[in-house]
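What follows is a set of notes on a single structure, which appears directly below.
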Amino acid sequence: MQKRIYLLALIILTSVYAQAQNRWSVGLQLGVMANHAKYSGGMSDASALFNNNEFGTGQLGIYFRYRITDRLSFQTGYDFSEFGFNYALAKDYNLLNPSEHYAELQTGTCISRIPAIVIYNSKLNCRNMRFIVGGGFTLTAIDNNWESSSSTRVTAEGVENLVPTDMTQQTHSTTSASSSFTWLIGIEKVFKRGNMLALTFQANYGFTNIAESTVSYTANNENYTHTFSNKGSWAGVGLCYYFLPMGSRKHYKAR
C-alpha cells in the first residue's frame with residue numbers, strides 16, 4: 001500500500017512538472033527535528049528519576065514548488081526522517097564522568113511524508129530576501145509491522161551502593177498511514193537567476209496515534225510502568241536550496 005501511494009504521487013508530480021516546467025522549482029532540504037510522545041496509559045505517577053525525552057533526528061526532503069502568483073505558491077514532494085521514543089533514568093554517577101548521569105533507552109523507525117502546502121511570501125527587500133509562511137496537510141506513512149523490544153542495565157562504574165536495575169520498553173506501530181497538519185515560517189533569499197535558499201522553522205501535528213510504547217523500570221525499590229503514544233508530531237529547522245528552474249527563466253528574475 002505504501003509503495004503504491006508513492007508511485008502514484010511520483011507519476012502525478014512528474015506529469016505536472018513536465019507540462020509546466022517554467023513555474024516549478026525543485027528543492028533539496030536538510031533539517032533537524034524533535035518528535036514528541038505523550039503519556040497515554042499505565043501508572044500516571046512516575047519517579048522523579050524518570051524522563052520521557054524528545055526523540056531527536058535529522059531530515060531529508062525533496063520538494064517541488066509551483067509559483068501560482070508573485071505572492072502565492074504551492075509546495076509538495078517527499079521527506080524522510082525517523083520518529084520514536086526516548087526514555088532516561090537518572091542514576092548515581094562519578095563526577096569525573098558526567099556523561100554517565102543518565103541511562104537512556106531509545107527506539108525509532110523511518111517515517112516519510114507527502115506534504116501539500118500553500119506558501120505566502122512577502123515582497124523582496126533591497127537584499128532580495130523575503131518572509132515566507134505556509135500551511136497545509138500531509139500524508140504520513142510508516143512500517144505497519146514495526147515492533148521493537150529492548151532493555152538497558154542501569155549501573156555505574158566507580159559508584160558504590162548502587163542497586164542494578166533494568167529499564168525495558170516494548171514498542172509497536174498502530175497504523176501504516178495517517179494525516180497531519182503542517183506549517184512553516186521563515187526567510188528566503190532569491191537569487192537573480194531564480195534559484196532560492198530558504199531557512200524555515202517547521203512543525204507538524206498528527207491527528208491519530210501511529211505508534212505506542214510501554215516502558216517499565218524500578219526506582220527507589222518501586223516498580224513503574226507507563227505507556228506513551230506517538231502521533232508523529234514534531235518541530236524542527238530546515239535549510240532548503242531550490243535549484244535553478246527549468247524552462248523559461250524570466251519568471252524568476254529578482255523582483
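Ordered as shown in the C-alpha cells, chains take letters A, B, and onward, while each chain numbers its residues from 1 and ligands are numbered from 1 in the order shown.
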Residue contacts of range 72-83 of chain A (6 Å, only C-alpha atoms) excluding same-chain residues fewer than 5 positions away, as a compact mmCIF listing (two decimals) with N, CA and C atoms, in the first residue's frame:
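selection_12.txt written:
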```
# COMPACT_ATOMS: atom_id res chain seq x y z
N GLN A 59 16.59 15.11 8.99
CA GLN A 59 15.53 15.03 7.98
C GLN A 59 16.09 15.34 6.61
N LEU A 60 15.62 14.62 5.58
CA LEU A 60 15.98 14.86 4.19
C LEU A 60 14.70 15.02 3.40
N GLY A 61 14.60 16.11 2.63
CA GLY A 61 13.40 16.36 1.85
C GLY A 61 13.70 16.75 0.42
N ILE A 62 12.84 16.32 -0.50
CA ILE A 62 12.89 16.72 -1.90
C ILE A 62 11.54 17.34 -2.21
N TYR A 63 11.54 18.65 -2.51
CA TYR A 63 10.29 19.39 -2.66
C TYR A 63 10.14 19.97 -4.06
N PHE A 64 8.89 20.10 -4.49
CA PHE A 64 8.53 20.71 -5.76
C PHE A 64 7.63 21.90 -5.46
N ARG A 65 8.07 23.10 -5.84
CA ARG A 65 7.27 24.30 -5.58
C ARG A 65 6.78 24.90 -6.89
N TYR A 66 5.47 25.16 -6.93
CA TYR A 66 4.84 25.74 -8.11
C TYR A 66 4.42 27.17 -7.80
N ARG A 67 4.89 28.13 -8.61
CA ARG A 67 4.56 29.53 -8.39
C ARG A 67 3.20 29.83 -9.00
N GLY A 108 13.43 3.74 17.47
CA GLY A 108 12.81 4.53 16.43
C GLY A 108 12.75 3.78 15.12
N THR A 109 12.00 4.34 14.18
CA THR A 109 11.88 3.75 12.85
C THR A 109 11.67 4.86 11.83
N CYS A 110 11.77 4.52 10.56
CA CYS A 110 11.65 5.51 9.48
C CYS A 110 10.20 5.99 9.34
N ILE A 111 10.07 7.26 8.99
CA ILE A 111 8.77 7.86 8.70
C ILE A 111 8.93 8.73 7.47
N SER A 112 7.95 8.71 6.59
CA SER A 112 8.01 9.51 5.36
C SER A 112 6.70 10.27 5.19
N ARG A 113 6.79 11.43 4.51
CA ARG A 113 5.63 12.30 4.36
C ARG A 113 5.52 12.80 2.92
N ILE A 114 4.29 13.03 2.50
CA ILE A 114 3.99 13.75 1.27
C ILE A 114 3.19 14.99 1.66
N PRO A 115 3.81 16.17 1.70
CA PRO A 115 3.09 17.37 2.12
C PRO A 115 2.40 18.06 0.94
N ALA A 116 1.37 18.81 1.27
CA ALA A 116 0.69 19.69 0.31
C ALA A 116 0.48 21.01 1.03
N ILE A 117 1.29 22.03 0.70
CA ILE A 117 1.33 23.27 1.45
C ILE A 117 1.15 24.47 0.52
N VAL A 118 0.35 25.44 0.97
CA VAL A 118 0.23 26.72 0.28
C VAL A 118 1.14 27.72 1.01
N ILE A 119 2.02 28.38 0.26
CA ILE A 119 3.01 29.29 0.84
C ILE A 119 2.75 30.72 0.37
N TYR A 120 2.76 31.65 1.33
CA TYR A 120 2.66 33.07 1.03
C TYR A 120 4.01 33.72 1.30
```
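Residue nearest Tyr87 in chain A within the list A:Met33, A:Val133, A:Met167, A:Leu124: A:Met167 [criterion: smallest interatomic distance, only C-alpha atoms].
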> Which residues, written as a PyMOL selection string, have at least one atom at most 8 Å from Phe131 in chain A, with only C-alpha atoms counted and residues fewer than 4 positions away on the same chain left out?
Replying inline: chain A and resi 121-123+185-188
>> Between CA of Lys189 in chain A and CA of Gly27 in chain A, what is the distance in Å, rounded to a tenth?
In response: 13.3 Å
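Restricting the calculation to only C-alpha atoms, the smallest distance between Val32 in chain A and any of A:Thr174, A:Gln202, A:Asn51, A:Asn145 is found for A:Gln202.
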>> Could you list, as a PyMOL selection string, every residue within 9 Å of His226 in chain A, counting only C-alpha atoms and ignoring same-chain residues fewer than 3 positions away?
In response: chain A and resi 39-46+213-216
>> Report as a ChimeraX atom specification all protein, DNA and RNA residues lying within 9 Å of Tyr217 in chain A, evaluated on only C-alpha atoms, omitting residues in the same chain fewer than 5 positions from it.
In response: /A:50,89,165-169,222-225
Can those selected residues be exported to a file as an mmCIF file, in the first residue's frame so that it contains C-alpha atoms?
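Output file out_5.cif is given in full below:
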```cif
data_model
loop_
_atom_site.group_PDB
_atom_site.id
_atom_site.type_symbol
_atom_site.label_atom_id
_atom_site.label_comp_id
_atom_site.auth_asym_id
_atom_site.auth_seq_id
_atom_site.Cartn_x
_atom_site.Cartn_y
_atom_site.Cartn_z
ATOM 1 C CA PHE A 50 12.457 9.118 35.041
ATOM 2 C CA LEU A 89 16.586 7.203 34.120
ATOM 3 C CA THR A 165 18.095 -2.436 37.793
ATOM 4 C CA ASP A 166 16.677 -2.819 34.292
ATOM 5 C CA MET A 167 14.676 -0.394 32.165
ATOM 6 C CA THR A 168 12.743 -2.127 29.382
ATOM 7 C CA GLN A 169 10.479 -0.981 26.561
ATOM 8 C CA GLU A 222 9.277 0.622 43.471
ATOM 9 C CA ASN A 223 8.210 -0.743 40.083
ATOM 10 C CA TYR A 224 6.740 1.586 37.451
ATOM 11 C CA THR A 225 5.051 1.009 34.095
#
```
> From the list A:Ala211, A:Ala37, A:Ala48, A:Ala103, which residue is nearest Ser148 in chain A when using only C-alpha atoms?
Replying inline: A:Ala211
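If you look at CA of Ile132 in chain A and CA of Tyr241 in chain A, they are 14.3 Å away from each other.
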